[in-house]
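Notes follow once the structure below has been shown.
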There are 2 protein chains.
Amino acid sequence: MKFESQPSYSLGQRTPASREVAAGENGGNVTLVSQSALGAINRGRVLQALYDNGPKSRADLARLAGVNRTTITGIVQPMIEDQLLVEGDASPSDVKGGKPARPLYFNPDAPMLGAVLLLPGTIQTCLVALTGEIKAVTKAEFDTHGDTEAFIAVMTETLTATLSQAQQAPFGIGVASAGMIDSDNGTILTVNLAPVLTGLPLVAILQERFSLPVVIDHHPRALLVGDRWFGPGRGQQNFAAVYTGEVLGGAFFIDGKVYRGLAGSGGELGHSVVQIDGALCNCGKHGCWETVAALPWLRKEAARLSFPHPKSVTCARLVKEADEGSKAAEELLDRYTRNVAFGIVNLQQTLSLNSYVLHGDVAGGGMKAAELIRQHVEQLVVKRPGQEISITVNGIGEGHTALRGAAGLVLSSHLKLVI
Amino acid sequence: MKFESQPSYSLGQRTPASREVAAGENGGNVTLVSQSALGAINRGRVLQALYDNGPKSRADLARLAGVNRTTITGIVQPMIEDQLLVEGDASPSDVKGGKPARPLYFNPDAPMLGAVLLLPGTIQTCLVALTGEIKAVTKAEFDTHGDTEAFIAVMTETLTATLSQAQQAPFGIGVASAGMIDSDNGTILTVNLAPVLTGLPLVAILQERFSLPVVIDHHPRALLVGDRWFGPGRGQQNFAAVYTGEVLGGAFFIDGKVYRGLAGSGGELGHSVVQIDGALCNCGKHGCWETVAALPWLRKEAARLSFPHPKSVTCARLVKEADEGSKAAEELLDRYTRNVAFGIVNLQQTLSLNSYVLHGDVAGGGMKAAELIRQHVEQLVVKRPGQEISITVNGIGEGHTALRGAAGLVLSSHLKLVI
DNA sequence: TAAGTTTGTGCGAGGTACAAACTAACTGCT
DNA sequence: AGCAGTTAGTTTGTACCTCGCACAAACTTA
């Protein structure tokens, strides 16, 4: 038998540009699941189930995962011997009769996670326990326009100061960085305000110096991962993290994994259009979400409405002033949260994730801001029956969420839940 | 050792509504991969690689998938014995020397796929070969407000007429339906213009009558799947299908699988907002994408601009008139395609899928409309270096794309690429 | 004290992928 | 013509994983 050289491909017509792209990415990414990978995957899933659900007995885990009890024993036993997990006291089972279950959980003395937050001009490093507890914070500054060697020296020194306080070698080091990051290759592409970082292969550098697994991702995605492991996104399979401040950004957790997009470029929500031919944006286009829901808009409106000190207006301040009875603050807060809501509405109409965690300025507005946004979203979205939309804030300050997120990056890559 | 009863959960604050949701979906969806599942998964992936890349030898497949040649032999040999695959003539290898490779591909006489397109008042059924070829089309009409039994009778009769023309039992039956579909449970939730279908457990019914695997999904998602298996999305891992017409909708293929969202509710793009406080939409909100990029807008504008027969204006007609030299048609076409582009821009900013397949009215405009939309998108999107955006049309008429999509649903579920 | 229930652990069975070694088939050089 | 070199596909044995069964341990209830 003889086949035609090509299968009957294009039933549709293509524009010339599309053909090149399609030819480029054709095929290559077919991967089979190897036997050994399977074990690693299942081990990771058991650990995640344990992490998400708290201490659980082997039998509970087996029921949760729908597998045989013996399988769970086979998976956890080596981990207990490795002192990653510990067996708790036999707690009287809640059902009547039977041998009491021995809950398993992470050893409090298990290795910690190294975390780095890299912002223009400043480095923060710390250790994060599996409970989310932050220890050994070290801060340093660097010359944003200086010498690469100098930056690496500062980075190494800072990280060494933190890591030396660990009782035992951490699982790995996670880096959350501002700017454009190529997380696949572990390099920093560009950071607007810190040219010294441009093109830096940070993962390779740190891996060599510290002989530990190193992962890097950009700031919004770290926030998402922080939420997933240590924050309101814990145990959830679908949610989005939304960052508002000087700019807007987002990241998604879809079907149990972080969405990274092609070349790690998903989530640039700030420049989605909510007002065709609207106000001019920094990016050169018109009507971007960022033009109506970020801090510059808020300051401009505050100035227009003759607020005192309009340059220092924030969501937190508006909430406070509204609580103190200011009608003007309440109205502006309402408009601000409504504008923020539009971006979330578009996200909801597109992906239906149903759950959103807010960071940055609006998170400073606490539950009141979240509730206002939720109400606006409910009004503006086409609801399906039984659908409930959740808006949560994660307002832990001082970049702690981002540091936890950096640590979470290590967990995510360590447990490799993706096949 | 004693654990606290709960892990240290909420580091963030929650609005009351969110807590309920989180409690509801907590944990349950942890699943391990069983050994036997692994085999099925890998078999599916080999088949898909073969399908996407055309005839390939065992050795090629092994290289493509990064596995041992013996593994491929183990997988394909039973399929050859089952006559699903056939071995082609030994083609002289392109490299010098060595035993020539024997390409494998699907047996032209392999079973076909049953496909059903269900629209208000009409049923279309057909057989689809693995090449995408459509055979044995049967059409029927039904009373949209009639009796359920009567509908089932018509459906059974139509499908029987089609299936009886198959040489051998098809792999399964795929149903693409208008309206809201619960694809998990295989029931039709509601179809606006056909109340008789409300709540119908169609999958269960057809499964029982025909003793074949049956899958159902809604129309836009079927278009997507049709593109993936038989159209311009073939072999791609990330793309979106966008439908424009009386309404707007979309569906996404993300990281090699169909995105279904929670309760199958993703892709309701028509009601994402592109014009805050814009024109009133059918849904009761303002400024939805649908108000500026669907046919009702086009007709309204055509009437305003005194086009002849404004009620019958379509993208195809605009393209034709513009080609014939009409400035007015060219200008309206430009505005129309720009408005369509805004929705794609927002999708691109959100998910960065980079590849879009158009269906419905704009697809009627062919490559010219696609190219116009592509240009608008390029102008309106914040581009990353090296990023190329592809806009393709799939304008096969008479619902053939949807029928192929229905067939594709069977393939997708048959090959079960998801873990 | 006996019966019943639940937890956790050996052990063998079945299935899967991989590595090594082999045969088959073709090219190129002498 | 003959031999070395190369590639394709197969056979055989090994390692790994999950499952089902049987069983001991530990607790409750009557």
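Ordering of the structure tokens sets the chain letters (A, B, ...), residue numbers begin anew at 1 in every chain, and ligands are numbered from 1 in the order given.
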
Name all residues at most 12 Å from DC29 in chain C (count only C-alpha atoms (C1' of nucleotides); drop same-chain ones fewer than 2 positions away) and give them as a PyMOL selection string. (chain C and resi 27) or (chain D and resi 2-5)

Residues of the last selection are to be written out with N, CA, C and O atoms (P, O5', C5', C4', C3', O3' and C1' of nucleotides), as a PDB file, in the first residue's frame.
```pdb
ATOM      1  P    DT C  27      19.834   1.180  -1.509  1.00  0.00           P
ATOM      2  O5'  DT C  27      21.131   1.711  -0.757  1.00  0.00           O
ATOM      3  C5'  DT C  27      21.026   2.757   0.209  1.00  0.00           C
ATOM      4  C4'  DT C  27      22.402   3.268   0.576  1.00  0.00           C
ATOM      5  C3'  DT C  27      23.305   3.595  -0.611  1.00  0.00           C
ATOM      6  O3'  DT C  27      23.969   4.821  -0.364  1.00  0.00           O
ATOM      7  C1'  DT C  27      24.356   1.990   0.790  1.00  0.00           C
TER       8       DT C  27
ATOM      9  P    DG D   2      30.903 -13.240  -3.267  1.00  0.00           P
ATOM     10  O5'  DG D   2      31.567 -12.242  -2.207  1.00  0.00           O
ATOM     11  C5'  DG D   2      32.955 -11.895  -2.347  1.00  0.00           C
ATOM     12  C4'  DG D   2      33.299 -10.844  -1.327  1.00  0.00           C
ATOM     13  C3'  DG D   2      32.595 -11.008   0.024  1.00  0.00           C
ATOM     14  O3'  DG D   2      33.517 -10.747   1.065  1.00  0.00           O
ATOM     15  C1'  DG D   2      32.195  -8.853  -0.807  1.00  0.00           C
ATOM     16  P    DC D   3      33.292 -11.384   2.527  1.00  0.00           P
ATOM     17  O5'  DC D   3      33.650 -10.189   3.516  1.00  0.00           O
ATOM     18  C5'  DC D   3      34.725  -9.291   3.186  1.00  0.00           C
ATOM     19  C4'  DC D   3      34.360  -7.891   3.607  1.00  0.00           C
ATOM     20  C3'  DC D   3      33.658  -7.802   4.967  1.00  0.00           C
ATOM     21  O3'  DC D   3      34.475  -7.087   5.885  1.00  0.00           O
ATOM     22  C1'  DC D   3      32.616  -6.397   3.347  1.00  0.00           C
ATOM     23  P    DA D   4      34.005  -6.996   7.434  1.00  0.00           P
ATOM     24  O5'  DA D   4      33.735  -5.433   7.586  1.00  0.00           O
ATOM     25  C5'  DA D   4      34.701  -4.496   7.092  1.00  0.00           C
ATOM     26  C4'  DA D   4      34.090  -3.112   7.073  1.00  0.00           C
ATOM     27  C3'  DA D   4      33.434  -2.691   8.393  1.00  0.00           C
ATOM     28  O3'  DA D   4      33.764  -1.337   8.668  1.00  0.00           O
ATOM     29  C1'  DA D   4      31.840  -2.571   6.647  1.00  0.00           C
ATOM     30  P    DG D   5      33.295  -0.665  10.072  1.00  0.00           P
ATOM     31  O5'  DG D   5      31.983   0.144   9.639  1.00  0.00           O
ATOM     32  C5'  DG D   5      32.058   1.079   8.557  1.00  0.00           C
ATOM     33  C4'  DG D   5      30.689   1.687   8.319  1.00  0.00           C
ATOM     34  C3'  DG D   5      29.916   2.004   9.608  1.00  0.00           C
ATOM     35  O3'  DG D   5      29.400   3.328   9.518  1.00  0.00           O
ATOM     36  C1'  DG D   5      28.581   0.702   8.159  1.00  0.00           C
TER      37       DG D   5
END
```

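For Gly399 in chain A, the list of residues within 10 Å, based on only C-alpha atoms (C1' of nucleotides) and with local chain neighbours fewer than 4 positions off taken out, reads Leu117, Gln124, Leu223, Gly360, Gly395, Leu403, Arg404 and Gly405 of chain A.
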
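Residues from chain B that have an atom within 9 Å of chain D, counting only C-alpha atoms (C1' of nucleotides), are Ser34, Gln35, Ser36, Ser57, Arg58, Ala59, Arg69, Thr70, Thr73, Ser93, Val95, Lys96, Gly97, Gly98, Lys99, Pro100, Ala101 and Arg102 of chain B.
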
With a distance threshold of 12 Å and counting only C-alpha atoms (C1' of nucleotides), extract the residues of chain C near chain B and express them as a VMD selection string. chain C and resid 14 to 20 23 to 28

Could you pull out the strand (DSSP E) residues of range 52-253 of chain B, going by DSSP on the backbone, and write them as a PyMOL selection string? chain B and resi 85-87+104-106+113-119+122-128+134-141+173-177+180-182+187-190+214-218+239-244+248-253
